[in-house]
Amino acid sequence: SNVVLPYPAGATIETTEPGRGWVRCSSSAWRTTAPVRGCGSSCLEVLEAGLPPHLAWRAEGLKGRILERLGRHGEAALAYERGAELALGLERYWLLLDAAAMWLEAGEGERALLALKEAEAAVGEEDPEDAATRHYLLARAHLLLGNPGLALEEIRKALALEEESGHKAYGTPLVEGQALLQLGRYEEAMASFREALARADAGERPHVLHEMGVAALDHGAYPEAEEHLRALVREEGYPYLAQAYADLAEALYRQGRYQEAEAAAREAVARGAVAAGELVLGHVAYDLLHLEEALEHYRKAAESAEEGSREWVGAQEMVVDTLAQLGYRFPEEMVRRGQAVLPYLHPADEWHAALTAYVERAQALLREGKRLN
């Protein structure tokens, strides 16, 4: 997950995905004198012209910052690393931290770990605030690589260093909560999230509320999820309100409150979370035995979702299931969708067995030349 990064003064806030924002270290000296707002590809062309050696590391750092703002995270990481090769001491250290943050954004946990190892070797004694940032990034890298135990060790080092420095970022307990969730320690995770919420300012609170809502939803604590998500949808400035409404719709649906769930799901669709919203609308219609309507919603969800995503898998499963309930209508479609989704399911998943049976039955009907309507 992209999460909140402990940061020194002058940090630049970015957000990347629903419920998961991050704040990146911006200690590097060049950052205080090199604003890049509104500066894009044209600035890159100027910087490519080159600078004297004693300025070259600054140019690479500035390139990294521009590439980052353009969303080109892997290229930004490489630019920061080139700058680090030319820089010394703290400037090298800070650029390597920036490179690690960008490798995490690019989903490259191993490369982030390498950059952080180089950063640790670049300086002698670390400032506690900088050390907290480095341990935080290590925790994120381990989470990305599926090592929540190591992530928890690193984030607790970061928390201890924050106590020492006096700078308490809300992102540190947020990541602690994520690590605890992956370890199956829900109650402890929610305590960490509550600490993150207590530390968060007005602009940061929505990210924590979304994290708490999704965690409660996944845990089956639906009333608790509803509480957090209702608080979240009151935050009109939050950039992921569409997904927040979809999550709220699911929390309401799981409680059997179909009318409220439908209203929240339609709001989610209207705001752009089409797949997630349509999926909940399909579930409501299915439970009420409105199978034709459910089929329409599930098809829309499957069409608008990214292949392999949670919404896509769920929608494909339910299209096949609904067609089976409708008397194996459109067996070709059942075979096509079933075969598409089966590789994404673990053989032990109950849906794997159900879909396999549906597909085999539909194939048998096709062999017999039947098209049931």
# chains A, B, ... in the order shown; residues from 1 in each chain; ligands from 1
$ residues_around --residues "Ala357 (chain A)" --least-positions-apart "6" --cutoff "12 Å" --atoms "only C-alpha atoms" --output "list in words"
Val320, Asp321, Ala324, Tyr328, Met334, Val335, Gly338, Gln339, Leu342, Glu350, Trp351, Gln363 and Ala364 of chain A
$ residues_around --residues "Glu267 (chain A)" --least-positions-apart "6" --cutoff "8 Å" --atoms "only C-alpha atoms" --output "ChimeraX atom specification"
/A:242,245-246,277
$ write_last_selection --atoms "N, CA, C and O atoms" --output "CSV table (one decimal), in the first residue's frame"
chain,number,residue,atom,x,y,z
A,242,ALA,N,-15.6,8.6,-4.1
A,242,ALA,CA,-16.3,7.6,-4.9
A,242,ALA,C,-16.1,6.2,-4.3
A,242,ALA,O,-17.1,5.5,-4.0
A,245,TYR,N,-17.8,5.9,-0.9
A,245,TYR,CA,-19.3,5.6,-1.0
A,245,TYR,C,-19.5,4.1,-1.3
A,245,TYR,O,-20.4,3.5,-0.8
A,246,ALA,N,-18.6,3.6,-2.2
A,246,ALA,CA,-18.7,2.1,-2.5
A,246,ALA,C,-18.5,1.3,-1.3
A,246,ALA,O,-19.2,0.3,-1.1
A,277,GLY,N,-19.5,0.1,-7.3
A,277,GLY,CA,-20.9,0.4,-7.0
A,277,GLY,C,-21.8,-0.5,-7.7
A,277,GLY,O,-22.8,-1.0,-7.1
$ residues_around --residues "Tyr170 (chain A)" --least-positions-apart "5" --cutoff "6 Å" --atoms "only C-alpha atoms" --output "list of chain:residue names"
A:Ala196, A:Arg199, A:Ala200
$ residues_around --residues "Ala244 (chain A)" --least-positions-apart "5" --cutoff "10 Å" --atoms "only C-alpha atoms" --output "number ranges by chain"
A: 18-19, 206, 209-210, 213-214, 228-230, 232-233, 238-239, 249-250, 264-265, 267-268, 273
$ residues_around --residues "Arg156 (chain A)" --least-positions-apart "5" --cutoff "9 Å" --atoms "only C-alpha atoms" --output "VMD selection string"
chain A and resid 135 to 136 151 161 172 to 173 176
$ residues_around --residues "Tyr253 (chain A)" --least-positions-apart "4" --cutoff "12 Å" --atoms "only C-alpha atoms" --output "CSV table (one decimal) with C-alpha atoms, in the first residue's frame"
chain,number,residue,atom,x,y,z
A,217,LEU,CA,-15.1,-4.1,6.5
A,220,GLY,CA,-16.5,-8.3,9.2
A,222,TYR,CA,-19.8,-3.9,9.6
A,223,PRO,CA,-21.3,-1.4,12.1
A,225,ALA,CA,-17.0,0.1,9.2
A,226,GLU,CA,-20.1,2.1,8.7
A,246,ALA,CA,-18.7,2.1,-2.5
A,247,ASP,CA,-17.2,0.8,0.7
A,248,LEU,CA,-20.0,2.4,2.7
A,249,ALA,CA,-22.5,0.7,0.3
A,257,ARG,CA,-29.9,-2.6,4.8
A,258,TYR,CA,-30.6,-2.8,1.1
A,259,GLN,CA,-32.3,0.5,0.5
A,260,GLU,CA,-29.5,2.5,2.1
A,261,ALA,CA,-26.9,0.3,0.4
A,262,GLU,CA,-28.5,0.9,-3.0
A,263,ALA,CA,-28.4,4.7,-2.4
A,264,ALA,CA,-24.8,4.7,-1.4
A,265,ALA,CA,-23.9,2.4,-4.4
A,277,GLY,CA,-20.9,0.4,-7.0
A,279,LEU,CA,-21.2,-4.9,-7.8
A,280,VAL,CA,-23.1,-3.9,-4.7
A,281,LEU,CA,-26.2,-3.0,-6.8
A,282,GLY,CA,-26.0,-6.5,-8.3
A,283,HIS,CA,-25.7,-8.1,-4.8
A,284,VAL,CA,-28.8,-6.2,-3.6
A,285,ALA,CA,-30.8,-7.2,-6.7
A,286,TYR,CA,-29.6,-10.8,-6.5
A,287,ASP,CA,-30.6,-11.1,-2.8
A,288,LEU,CA,-34.1,-9.8,-3.7
